[in-house]
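One structure is given below, encoded as structure tokens.
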Amino acid sequence: MSEPPPFSPTIALLTVARVWDAALADELKALGLTSRKYGLLGHIRGTPGISFSELARRSRITVQSVHTAVAGFVQNGLVDDDTAHAGSASALRVTAEGEALLARAAEVVDDIDARFADQHPGLVDALRAHVAEVFAARP
């Protein structure tokens with residue numbers, strides 16, 4: 001039998017992330033959301049008036065994809081787009097219906113976080129310490 005490959009923290013973290021990303025995706029799907037749409041909606045709520053370009057940068061997707069997603073949000077009553085015309089500054093804001101959906105999604109995330117913490121308490125502690133370290137190092 002061959003030797004197992006050497007331990008790679010990168011591969012291990014990616015493997016754990018994929019498992020939990022799939023769990024989150026399954027539960028968000030019941031709400032009509034994907035992880036990407038959940039993130040976009042959260043960015044719109046957190047930064048009213050955010051530009052399509054900035055949404056794309058934050059989400060690491062194309063501006064065209066952002067326009068498509070936002071059009072879907074508007075059609076579903078989750079976001080108001082008071083943009084006067086193409087090329088003008090955006091005036092996106094989450095509607096009351098969008099806020100309610102984000103609240104339900106937050107409950108899903110809380111549940112997933114609790115399960116993750118139960119199964120991986122040491123990893124949660126390490127991740128919390130790492131995030132604190134990253135923020136402390138910011139200028």
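Every chain in the structure tokens takes a letter, A first, then B, and so on in the order presented; its residues are numbered from 1, and the ligands are numbered from 1 following the presented order.
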
Expected answer as a ChimeraX atom specification: strand (DSSP E or B) residues in segment 5-127 of chain A: /A:79-81,92-94

Shell around Asn76 of chain A at 12 Å using only C-alpha atoms, local window under 4 positions removed, as number ranges by chain: A: 32-33, 69-72, 80, 94-98, 101

Using DSSP secondary structure from the backbone, list all alpha helix (DSSP H) positions within chain A, as a PDB file with C-alpha atoms, in the first residue's frame.
ATOM      1  CA  PRO A   9      -2.965  22.644   5.804  1.00  0.00           C
ATOM      2  CA  THR A  10      -4.198  24.324   2.621  1.00  0.00           C
ATOM      3  CA  ILE A  11      -5.807  21.153   1.284  1.00  0.00           C
ATOM      4  CA  ALA A  12      -7.213  20.302   4.710  1.00  0.00           C
ATOM      5  CA  LEU A  13      -8.772  23.755   5.077  1.00  0.00           C
ATOM      6  CA  LEU A  14     -10.201  23.637   1.555  1.00  0.00           C
ATOM      7  CA  THR A  15     -11.685  20.194   2.229  1.00  0.00           C
ATOM      8  CA  VAL A  16     -13.341  21.334   5.450  1.00  0.00           C
ATOM      9  CA  ALA A  17     -14.559  24.490   3.711  1.00  0.00           C
ATOM     10  CA  ARG A  18     -16.128  22.506   0.852  1.00  0.00           C
ATOM     11  CA  VAL A  19     -18.054  20.300   3.255  1.00  0.00           C
ATOM     12  CA  TRP A  20     -19.486  23.264   5.157  1.00  0.00           C
ATOM     13  CA  ASP A  21     -20.024  25.342   2.015  1.00  0.00           C
ATOM     14  CA  ALA A  22     -22.181  22.503   0.671  1.00  0.00           C
ATOM     15  CA  ALA A  23     -24.159  22.370   3.924  1.00  0.00           C
ATOM     16  CA  LEU A  24     -24.740  26.124   3.798  1.00  0.00           C
ATOM     17  CA  ALA A  25     -25.698  25.969   0.114  1.00  0.00           C
ATOM     18  CA  ASP A  26     -28.265  23.232   0.797  1.00  0.00           C
ATOM     19  CA  GLU A  27     -29.923  25.234   3.547  1.00  0.00           C
ATOM     20  CA  LEU A  28     -29.831  28.571   1.714  1.00  0.00           C
ATOM     21  CA  LYS A  29     -31.384  26.890  -1.331  1.00  0.00           C
ATOM     22  CA  SER A  35     -24.008  31.758  -0.972  1.00  0.00           C
ATOM     23  CA  ARG A  36     -23.114  34.362  -3.603  1.00  0.00           C
ATOM     24  CA  LYS A  37     -26.579  35.938  -3.594  1.00  0.00           C
ATOM     25  CA  TYR A  38     -26.607  35.949   0.200  1.00  0.00           C
ATOM     26  CA  GLY A  39     -23.283  37.796   0.170  1.00  0.00           C
ATOM     27  CA  LEU A  40     -24.443  40.290  -2.454  1.00  0.00           C
ATOM     28  CA  LEU A  41     -27.635  41.019  -0.556  1.00  0.00           C
ATOM     29  CA  GLY A  42     -25.621  41.487   2.634  1.00  0.00           C
ATOM     30  CA  HIS A  43     -23.255  43.923   0.900  1.00  0.00           C
ATOM     31  CA  ILE A  44     -26.215  45.941  -0.398  1.00  0.00           C
ATOM     32  CA  ARG A  45     -27.701  46.092   3.093  1.00  0.00           C
ATOM     33  CA  GLY A  46     -24.360  46.978   4.666  1.00  0.00           C
ATOM     34  CA  PHE A  52     -22.294  47.658  -9.151  1.00  0.00           C
ATOM     35  CA  SER A  53     -18.522  47.795  -9.666  1.00  0.00           C
ATOM     36  CA  GLU A  54     -17.832  47.717  -5.941  1.00  0.00           C
ATOM     37  CA  LEU A  55     -20.293  44.850  -5.465  1.00  0.00           C
ATOM     38  CA  ALA A  56     -18.419  42.958  -8.173  1.00  0.00           C
ATOM     39  CA  ARG A  57     -15.042  43.658  -6.548  1.00  0.00           C
ATOM     40  CA  ARG A  58     -16.200  42.584  -3.105  1.00  0.00           C
ATOM     41  CA  SER A  59     -17.805  39.434  -4.479  1.00  0.00           C
ATOM     42  CA  VAL A  63     -20.142  43.508 -13.087  1.00  0.00           C
ATOM     43  CA  GLN A  64     -22.422  41.798 -15.594  1.00  0.00           C
ATOM     44  CA  SER A  65     -23.096  39.008 -13.061  1.00  0.00           C
ATOM     45  CA  VAL A  66     -23.865  41.609 -10.395  1.00  0.00           C
ATOM     46  CA  HIS A  67     -26.348  43.335 -12.721  1.00  0.00           C
ATOM     47  CA  THR A  68     -28.055  39.989 -13.372  1.00  0.00           C
ATOM     48  CA  ALA A  69     -28.265  39.150  -9.662  1.00  0.00           C
ATOM     49  CA  VAL A  70     -29.540  42.603  -8.717  1.00  0.00           C
ATOM     50  CA  ALA A  71     -32.168  42.460 -11.464  1.00  0.00           C
ATOM     51  CA  GLY A  72     -33.368  39.203  -9.882  1.00  0.00           C
ATOM     52  CA  PHE A  73     -33.424  40.815  -6.434  1.00  0.00           C
ATOM     53  CA  VAL A  74     -35.474  43.726  -7.786  1.00  0.00           C
ATOM     54  CA  GLN A  75     -37.879  41.380  -9.584  1.00  0.00           C
ATOM     55  CA  ALA A  96     -38.329  45.044   4.077  1.00  0.00           C
ATOM     56  CA  GLU A  97     -38.824  41.723   2.278  1.00  0.00           C
ATOM     57  CA  GLY A  98     -35.068  41.538   1.669  1.00  0.00           C
ATOM     58  CA  GLU A  99     -34.413  42.274   5.344  1.00  0.00           C
ATOM     59  CA  ALA A 100     -36.752  39.450   6.344  1.00  0.00           C
ATOM     60  CA  LEU A 101     -34.961  37.054   3.992  1.00  0.00           C
ATOM     61  CA  LEU A 102     -31.582  38.100   5.392  1.00  0.00           C
ATOM     62  CA  ALA A 103     -32.896  37.473   8.919  1.00  0.00           C
ATOM     63  CA  ARG A 104     -33.994  33.947   7.951  1.00  0.00           C
ATOM     64  CA  ALA A 105     -30.616  33.351   6.282  1.00  0.00           C
ATOM     65  CA  ALA A 106     -28.849  34.553   9.444  1.00  0.00           C
ATOM     66  CA  GLU A 107     -30.729  31.871  11.388  1.00  0.00           C
ATOM     67  CA  VAL A 108     -29.450  29.280   8.903  1.00  0.00           C
ATOM     68  CA  VAL A 109     -25.887  30.541   9.328  1.00  0.00           C
ATOM     69  CA  ASP A 110     -26.253  30.501  13.130  1.00  0.00           C
ATOM     70  CA  ASP A 111     -27.393  26.877  12.985  1.00  0.00           C
ATOM     71  CA  ILE A 112     -24.514  25.877  10.694  1.00  0.00           C
ATOM     72  CA  ASP A 113     -22.063  27.762  12.935  1.00  0.00           C
ATOM     73  CA  ALA A 114     -23.342  25.891  15.984  1.00  0.00           C
ATOM     74  CA  ARG A 115     -22.948  22.521  14.261  1.00  0.00           C
ATOM     75  CA  PHE A 116     -19.484  23.498  13.025  1.00  0.00           C
ATOM     76  CA  ALA A 117     -18.448  24.577  16.525  1.00  0.00           C
ATOM     77  CA  ASP A 118     -19.738  21.312  18.004  1.00  0.00           C
ATOM     78  CA  GLN A 119     -17.747  19.258  15.506  1.00  0.00           C
ATOM     79  CA  PRO A 121     -14.144  23.445  18.530  1.00  0.00           C
ATOM     80  CA  GLY A 122     -10.359  23.686  18.151  1.00  0.00           C
ATOM     81  CA  LEU A 123     -10.670  24.901  14.584  1.00  0.00           C
ATOM     82  CA  VAL A 124     -13.227  27.536  15.651  1.00  0.00           C
ATOM     83  CA  ASP A 125     -10.798  28.801  18.295  1.00  0.00           C
ATOM     84  CA  ALA A 126      -7.940  28.893  15.772  1.00  0.00           C
ATOM     85  CA  LEU A 127     -10.069  30.718  13.188  1.00  0.00           C
ATOM     86  CA  ARG A 128     -11.261  33.248  15.781  1.00  0.00           C
ATOM     87  CA  ALA A 129      -7.668  33.915  16.858  1.00  0.00           C
ATOM     88  CA  HIS A 130      -6.516  34.246  13.247  1.00  0.00           C
ATOM     89  CA  VAL A 131      -9.256  36.740  12.365  1.00  0.00           C
ATOM     90  CA  ALA A 132      -8.448  38.794  15.483  1.00  0.00           C
ATOM     91  CA  GLU A 133      -4.774  38.771  14.486  1.00  0.00           C
ATOM     92  CA  VAL A 134      -5.565  39.912  10.942  1.00  0.00           C
ATOM     93  CA  PHE A 135      -7.730  42.795  12.154  1.00  0.00           C
ATOM     94  CA  ALA A 136      -5.174  43.814  14.769  1.00  0.00           C
ATOM     95  CA  ALA A 137      -2.493  44.043  12.071  1.00  0.00           C
TER      96      ALA A 137
END

Straight-line distance linking atom CA of His120 of chain A with atom CA of Pro6 of chain A, stated in Å to one decimal: 21.6 Å

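Picture a line from atom CA of Val79 of chain A to atom CA of Ser51 of chain A; it runs 13.6 Å.
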
Contacts of Gly49 of chain A within 7 Å, only C-alpha atoms, excl. fewer than 5 positions in-chain, as a PyMOL selection string: chain A and resi 90-93

Would you output that residue set with N, CA and C atoms, as a compact mmCIF listing (two decimals), in the first residue's frame?
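Once everything was written out, this is result.txt:
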# COMPACT_ATOMS: atom_id res chain seq x y z
N SER A 90 -25.53 54.04 -8.74
CA SER A 90 -26.59 53.18 -8.22
C SER A 90 -27.13 53.73 -6.92
N ALA A 91 -28.35 53.37 -6.63
CA ALA A 91 -28.99 53.73 -5.37
C ALA A 91 -29.73 52.49 -4.87
N LEU A 92 -28.98 51.42 -4.68
CA LEU A 92 -29.55 50.15 -4.26
C LEU A 92 -29.80 50.15 -2.76
N ARG A 93 -30.92 49.56 -2.37
CA ARG A 93 -31.18 49.36 -0.95
C ARG A 93 -32.05 48.13 -0.77
